[in-house]
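Trainee: My structure is stored as start_35.txt, with compact mmCIF, C-alpha atoms.
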```txt
# COMPACT_ATOMS: atom_id res chain seq x y z
CA MET A 22 32.05 -19.78 14.42
CA ARG A 23 33.19 -21.91 17.33
CA SER A 24 36.82 -22.65 18.12
CA LEU A 25 38.44 -25.05 20.59
CA LEU A 26 41.98 -24.26 21.75
CA LEU A 27 43.76 -27.03 23.66
CA VAL A 28 46.38 -25.30 25.79
CA ALA A 29 49.44 -27.25 26.95
CA HIS A 30 52.50 -26.21 28.92
CA GLY A 31 54.98 -26.75 26.10
CA SER A 32 58.25 -28.65 26.36
CA ARG A 33 61.88 -28.43 25.28
CA ARG A 34 61.33 -31.93 23.88
CA ARG A 35 59.94 -31.60 20.39
CA GLU A 36 58.27 -35.04 20.70
CA SER A 37 56.21 -33.90 23.70
CA ASN A 38 54.86 -30.94 21.73
CA GLU A 39 54.16 -33.28 18.79
CA GLU A 40 52.21 -35.50 21.17
CA VAL A 41 49.97 -32.52 21.97
CA ARG A 42 49.54 -31.79 18.26
CA ARG A 43 48.56 -35.41 17.56
CA LEU A 44 46.07 -35.30 20.44
CA THR A 45 44.62 -32.12 18.92
CA LEU A 46 44.10 -33.93 15.61
CA GLY A 47 42.38 -36.73 17.53
CA ILE A 48 40.07 -34.20 19.18
CA GLU A 49 39.33 -32.60 15.81
CA GLU A 50 38.36 -35.99 14.38
CA ARG A 51 36.02 -36.66 17.31
CA ALA A 52 34.58 -33.14 17.59
CA GLY A 53 32.04 -33.62 14.79
CA GLU A 54 29.90 -30.52 14.35
CA SER A 55 30.78 -29.13 17.78
CA PHE A 56 33.67 -26.98 16.57
CA ASP A 57 34.62 -25.29 13.32
CA LEU A 58 38.22 -24.98 14.46
CA VAL A 59 40.29 -27.20 16.77
CA ASN A 60 43.86 -26.11 17.50
CA CYS A 61 46.49 -26.22 20.19
CA ALA A 62 48.68 -23.57 21.78
CA PHE A 63 51.44 -23.53 24.37
CA LEU A 64 52.09 -21.52 27.51
CA GLU A 65 55.83 -21.53 26.86
CA LEU A 66 58.70 -23.31 25.05
CA ALA A 67 56.65 -24.00 21.89
CA GLN A 68 54.60 -22.21 19.26
CA PRO A 69 51.99 -20.94 18.86
CA THR A 70 51.65 -19.22 22.22
CA ILE A 71 48.20 -19.04 23.80
CA GLY A 72 47.81 -15.42 22.72
CA GLU A 73 48.84 -16.29 19.16
CA GLY A 74 46.41 -19.22 19.16
CA ILE A 75 43.55 -16.94 20.16
CA ASP A 76 44.64 -14.33 17.59
CA ALA A 77 44.64 -16.98 14.84
CA ALA A 78 41.16 -18.22 15.78
CA VAL A 79 39.80 -14.66 15.76
CA ALA A 80 41.50 -14.00 12.40
CA LYS A 81 39.70 -17.06 11.00
CA GLY A 82 36.37 -15.67 12.19
CA ALA A 83 35.80 -17.33 15.57
CA SER A 84 33.00 -15.71 17.56
CA GLU A 85 33.40 -18.12 20.47
CA ILE A 86 36.64 -19.68 21.72
CA ILE A 87 36.82 -22.45 24.32
CA VAL A 88 40.24 -22.66 25.98
CA LEU A 89 40.88 -26.12 27.45
CA PRO A 90 43.93 -26.34 29.76
CA TYR A 91 45.68 -29.67 29.17
CA PHE A 92 47.25 -29.70 32.62
CA LEU A 93 47.27 -32.34 35.35
CA ALA A 94 47.00 -30.00 38.33
CA ALA A 95 45.55 -26.63 39.23
CA GLY A 96 48.95 -25.02 39.72
CA THR A 97 49.87 -21.41 39.10
CA HIS A 98 49.78 -21.89 35.30
CA VAL A 99 46.15 -22.96 35.46
CA VAL A 100 45.08 -20.62 38.25
CA ASN A 101 46.96 -17.46 37.26
CA ASP A 102 48.87 -17.52 33.97
CA ILE A 103 46.25 -18.86 31.56
CA PRO A 104 43.36 -16.74 32.94
CA GLU A 105 45.61 -13.65 32.76
CA ILE A 106 46.47 -14.25 29.09
CA VAL A 107 42.82 -14.94 28.26
CA GLU A 108 41.69 -11.80 30.09
CA GLY A 109 44.11 -9.73 28.00
CA ARG A 110 42.65 -11.21 24.79
CA ARG A 111 39.08 -10.59 25.98
CA ARG A 112 39.98 -6.90 26.23
CA MET A 113 41.50 -6.98 22.71
CA TYR A 114 38.45 -8.75 21.23
CA PRO A 115 35.35 -7.64 23.15
CA ALA A 116 33.02 -9.14 20.50
CA VAL A 117 34.51 -12.62 20.92
CA ARG A 118 33.33 -14.84 23.77
CA ILE A 119 36.35 -16.60 25.29
CA GLN A 120 35.68 -19.26 27.93
CA VAL A 121 38.17 -21.34 29.91
CA THR A 122 37.13 -24.85 30.99
CA PRO A 123 38.46 -26.63 34.09
CA HIS A 124 41.88 -28.22 33.58
CA MET A 125 42.12 -31.81 32.32
CA GLY A 126 43.06 -33.20 35.75
CA ALA A 127 39.64 -32.13 37.04
CA ALA A 128 37.69 -34.14 34.44
CA PRO A 129 35.00 -36.17 36.24
CA ALA A 130 35.57 -39.04 33.77
CA LEU A 131 39.30 -39.28 34.56
CA PRO A 132 39.11 -42.30 36.93
CA ASP A 133 37.28 -44.30 34.26
CA LEU A 134 39.74 -43.21 31.56
CA LEU A 135 42.66 -44.39 33.69
CA LEU A 136 40.99 -47.68 34.60
CA GLY A 137 40.34 -48.16 30.89
CA MET A 138 44.10 -48.23 30.32
CA VAL A 139 44.60 -51.13 32.71
CA PRO A 140 44.58 -54.68 31.35
CA GLY A 141 41.80 -56.66 32.97
CA ALA A 142 40.04 -53.81 34.79
CA ASP A 143 36.25 -53.95 34.79
CA ARG A 144 35.82 -50.87 32.62
CA MET B 9 46.11 -59.93 45.22
CA ARG B 10 46.08 -57.22 42.59
CA SER B 11 47.36 -53.69 43.16
CA LEU B 12 47.10 -50.52 41.07
CA LEU B 13 49.74 -47.84 41.62
CA LEU B 14 49.04 -44.46 40.02
CA VAL B 15 52.43 -42.82 39.54
CA ALA B 16 52.65 -39.02 39.28
CA HIS B 17 55.60 -36.68 38.98
CA GLY B 18 55.12 -35.00 42.34
CA SER B 19 55.12 -31.27 42.99
CA ARG B 20 56.45 -28.70 45.43
CA ARG B 21 52.84 -27.56 45.68
CA ARG B 22 51.10 -29.63 48.32
CA GLU B 23 47.74 -29.03 46.62
CA SER B 24 48.93 -30.66 43.38
CA ASN B 25 49.94 -33.80 45.26
CA GLU B 26 46.61 -33.74 47.07
CA GLU B 27 44.89 -33.57 43.68
CA VAL B 28 46.65 -36.83 42.74
CA ARG B 29 45.58 -38.40 46.04
CA ARG B 30 41.96 -37.37 45.46
CA LEU B 31 42.09 -38.80 41.94
CA THR B 32 43.43 -42.05 43.42
CA LEU B 33 40.43 -42.21 45.77
CA GLY B 34 38.18 -41.65 42.74
CA ILE B 35 39.86 -44.54 40.92
CA GLU B 36 39.50 -46.75 44.00
CA GLU B 37 35.77 -45.98 44.13
CA ARG B 38 35.37 -46.88 40.44
CA ALA B 39 37.68 -49.90 40.41
CA GLY B 40 35.10 -52.31 41.79
CA GLU B 41 36.48 -55.82 42.01
CA SER B 42 39.35 -55.11 39.60
CA PHE B 43 41.87 -54.22 42.32
CA ASP B 44 42.36 -55.12 45.96
CA LEU B 45 44.64 -52.10 46.46
CA VAL B 46 44.65 -48.71 44.73
CA ASN B 47 47.38 -46.27 45.73
CA CYS B 48 49.51 -43.47 44.35
CA ALA B 49 53.23 -42.80 44.41
CA PHE B 50 55.50 -40.01 43.21
CA LEU B 51 58.65 -39.89 41.11
CA GLU B 52 60.01 -37.00 43.19
CA LEU B 53 59.12 -34.11 45.53
CA ALA B 54 56.40 -36.08 47.37
CA GLN B 55 55.89 -39.31 49.30
CA PRO B 56 55.64 -42.20 48.92
CA THR B 57 58.21 -42.66 46.17
CA ILE B 58 57.48 -45.20 43.44
CA GLY B 59 59.82 -47.72 45.05
CA GLU B 60 58.14 -47.21 48.42
CA GLY B 61 54.72 -47.57 46.81
CA ILE B 62 55.72 -50.92 45.29
CA ASP B 63 57.27 -52.03 48.60
CA ALA B 64 54.04 -51.20 50.45
CA ALA B 65 51.90 -53.11 47.94
CA VAL B 66 54.17 -56.15 48.24
CA ALA B 67 54.12 -55.91 52.04
CA LYS B 68 50.30 -55.99 51.89
CA GLY B 69 50.45 -59.18 49.83
CA ALA B 70 50.20 -57.98 46.22
CA SER B 71 51.09 -60.69 43.71
CA GLU B 72 50.46 -58.41 40.73
CA ILE B 73 51.11 -54.66 40.55
CA ILE B 74 50.00 -52.42 37.69
CA VAL B 75 51.96 -49.17 37.53
CA LEU B 76 50.04 -46.44 35.69
CA PRO B 77 52.11 -43.35 34.79
CA TYR B 78 49.94 -40.25 35.27
CA PHE B 79 51.98 -38.18 32.81
CA LEU B 80 50.93 -36.13 29.80
CA ALA B 81 53.89 -36.94 27.57
CA ALA B 82 56.34 -39.76 26.95
CA GLY B 83 59.31 -37.78 28.23
CA THR B 84 62.38 -39.13 29.96
CA HIS B 85 60.46 -39.80 33.18
CA VAL B 86 58.07 -42.12 31.36
CA VAL B 87 60.61 -43.63 28.97
CA ASN B 88 63.59 -44.07 31.32
CA ASP B 89 63.06 -43.22 34.99
CA ILE B 90 59.88 -45.14 35.78
CA PRO B 91 60.88 -48.34 33.89
CA GLU B 92 64.27 -48.23 35.64
CA ILE B 93 62.71 -48.02 39.11
CA VAL B 94 60.23 -50.78 38.24
CA GLU B 95 63.00 -53.00 36.89
CA GLY B 96 64.90 -52.64 40.16
CA ARG B 97 61.78 -53.71 42.10
CA ARG B 98 61.22 -56.68 39.77
CA ARG B 99 64.67 -57.91 40.73
CA MET B 100 63.86 -57.42 44.44
CA TYR B 101 60.52 -59.27 44.15
CA PRO B 102 60.85 -61.94 41.47
CA ALA B 103 57.58 -63.59 42.57
CA VAL B 104 55.57 -60.39 42.00
CA ARG B 105 54.39 -59.50 38.50
CA ILE B 106 54.90 -55.77 37.95
CA GLN B 107 53.51 -54.27 34.73
CA VAL B 108 53.69 -50.68 33.50
CA THR B 109 50.83 -49.37 31.34
CA PRO B 110 51.21 -46.64 28.71
CA HIS B 111 51.21 -43.12 30.16
CA MET B 112 47.93 -41.27 30.58
CA GLY B 113 48.57 -38.96 27.58
CA ALA B 114 48.44 -42.02 25.31
CA ALA B 115 44.95 -43.08 26.41
CA PRO B 116 42.85 -43.74 23.30
CA ALA B 117 39.80 -42.26 25.08
CA LEU B 118 41.54 -38.93 25.79
CA PRO B 119 39.96 -36.93 22.93
CA ASP B 120 36.50 -37.91 24.14
CA LEU B 121 37.37 -37.14 27.76
CA LEU B 122 38.53 -33.66 26.76
CA LEU B 123 35.51 -33.01 24.55
CA GLY B 124 33.37 -34.09 27.50
CA MET B 125 34.73 -31.13 29.48
CA VAL B 126 33.55 -28.61 26.91
CA PRO B 127 30.13 -26.99 27.31
CA GLY B 128 27.97 -27.79 24.30
CA ALA B 129 30.23 -30.36 22.64
CA ASP B 130 28.45 -33.36 21.12
CA ARG B 131 29.90 -35.84 23.57
```
Since I need it in another form, could you write the structure as structure tokens?
Mentor:
Amino acid sequence: MRSLLLVAHGSRRRESNEEVRRLTLGIEERAGESFDLVNCAFLELAQPTIGEGIDAAVAKGASEIIVLPYFLAAGTHVVNDIPEIVEGRRRMYPAVRIQVTPHMGAAPALPDLLLGMVPGADR
Amino acid sequence: MRSLLLVAHGSRRRESNEEVRRLTLGIEERAGESFDLVNCAFLELAQPTIGEGIDAAVAKGASEIIVLPYFLAAGTHVVNDIPEIVEGRRRMYPAVRIQVTPHMGAAPALPDLLLGMVPGADR
């Protein structure tokens, strides 16, 4: 059973966290057969935490979890904090394969996505 | 003359600002004939500021400037700060058309972009 966990920073603004939750629903709709579970989790300031998100996926039977950092830049959260939390969960659940993808800001398709938001751009 | 200005928050980490500058080069490469100028600017903590970025585009002859907020969420920076700065520049340059697009986190193609980062996802 394959699980995708979109990981965001988390905000004091409830609306920003809701925006992440809506995006997660959008991913779930588009994921087709790729994932049995699609959820989000937050590094801080919102629930569930990343550890709790992984725990919940494992409790639902996930054998593989893909952690996708929804971050613009490879700052200390992406480089240190998220890998550290994931490493702790790998030790807790040695039978579960937990992978971390590059952060969103490193997506090769990002220039085209941004140009797609511009009225009158070629793509 | 048409100018695209990618507007990011700006970071104390030089590498994060460099990541935005690299992304801007990637957009420039992909923009084709859509824009004569593609640049980035920062709300704070890095140069050029948004106002300076608009000034530079106008100085180079831009008659239309598209401001694209590279932000995950519609927080106060997106809702208040950026529109306020842009409005001030509109008053300075009444002959220049300055538009602001929705922020990056609202891109309709975002779910597909994120799924595209995941090994083994359908898209």
Trainee: Env of Arg118 (chain A): 8 Å cut, atoms = all atoms listed in the file, seq-sep filter 5 positions within chain, self excluded. Answer as a VMD selection string.
Mentor: chain A and resid 84 to 86 111
Trainee: What is the distance, in Å and to one decimal place, between CA of Ile62 (chain B) and CA of His17 (chain B)?
Mentor: 15.6 Å
Trainee: Taking 4 positions as the minimum chain separation for residues in the same chain, which residues sit within 12 Å of Ala94 (chain A) when counting only C-alpha atoms? Answer as a ChimeraX atom specification.
Mentor: /A:29-30,90,98-100,123-128 /B:16-31,78-80
Trainee: Keeping C-alpha atoms for every residue in the selection just given, could you write it to a file as a compact mmCIF listing (two decimals), in the frame of the given file?
Mentor:
```
# COMPACT_ATOMS: atom_id res chain seq x y z
CA ALA A 29 49.44 -27.25 26.95
CA HIS A 30 52.50 -26.21 28.92
CA PRO A 90 43.93 -26.34 29.76
CA HIS A 98 49.78 -21.89 35.30
CA VAL A 99 46.15 -22.96 35.46
CA VAL A 100 45.08 -20.62 38.25
CA PRO A 123 38.46 -26.63 34.09
CA HIS A 124 41.88 -28.22 33.58
CA MET A 125 42.12 -31.81 32.32
CA GLY A 126 43.06 -33.20 35.75
CA ALA A 127 39.64 -32.13 37.04
CA ALA A 128 37.69 -34.14 34.44
CA ALA B 16 52.65 -39.02 39.28
CA HIS B 17 55.60 -36.68 38.98
CA GLY B 18 55.12 -35.00 42.34
CA SER B 19 55.12 -31.27 42.99
CA ARG B 20 56.45 -28.70 45.43
CA ARG B 21 52.84 -27.56 45.68
CA ARG B 22 51.10 -29.63 48.32
CA GLU B 23 47.74 -29.03 46.62
CA SER B 24 48.93 -30.66 43.38
CA ASN B 25 49.94 -33.80 45.26
CA GLU B 26 46.61 -33.74 47.07
CA GLU B 27 44.89 -33.57 43.68
CA VAL B 28 46.65 -36.83 42.74
CA ARG B 29 45.58 -38.40 46.04
CA ARG B 30 41.96 -37.37 45.46
CA LEU B 31 42.09 -38.80 41.94
CA TYR B 78 49.94 -40.25 35.27
CA PHE B 79 51.98 -38.18 32.81
CA LEU B 80 50.93 -36.13 29.80
```
Trainee: Please find the residues of chain A near chain B - the criterion being any atom within 8 Å, counting all atoms listed in the file - and write them as JSON, numbers by chain.
Mentor: {"A": [34, 37, 40, 44, 45, 47, 48, 51, 52, 53, 54, 55, 56, 87, 89, 92, 93, 94, 95, 96, 122, 123, 125, 128, 130, 131, 132, 133, 134, 135, 136, 138, 139, 141, 142, 143]}
Trainee: Go through B:Pro102, B:Val94, B:Ala65, B:Ser11 and flag the residue nearest Leu51 (chain B), using all atoms listed in the file for the distances.
Mentor: B:Val94
Trainee: Report the distance between CA of Gly82 (chain A) and CA of Glu105 (chain A) in Å, rounded to one decimal place.
Mentor: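 Those two atoms sit 22.6 Å apart.
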Trainee: May I ask for the distance between CA of Phe50 (chain B) and CA of Ala64 (chain B), given in Å to one decimal place?
Mentor: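 Separation between CA of Phe50 (chain B) and CA of Ala64 (chain B): 13.4 Å.
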Trainee: Just need the box for region 95-113 of chain A, edges along x, y and z, holding every atom the file lists for it with 3 Å tacked onto each side, so centre and edge lengths in Å to one decimal, as JSON.
Mentor:
```
{"center_x": 44.5, "center_y": -16.8, "center_z": 31.2, "size_x": 16.8, "size_y": 25.7, "size_z": 23.0}
```
Trainee: Closest to Met113 (chain A) among A:Val79, A:Gly74, A:Asn60, A:Asn101, using all atoms listed in the file?
Mentor: A:Val79
Trainee: So which one's closest to Asp63 (chain B), B:Arg97, B:Ile90, B:Asp44, B:Leu13? Using all atoms listed in the file, please.
Mentor: B:Arg97
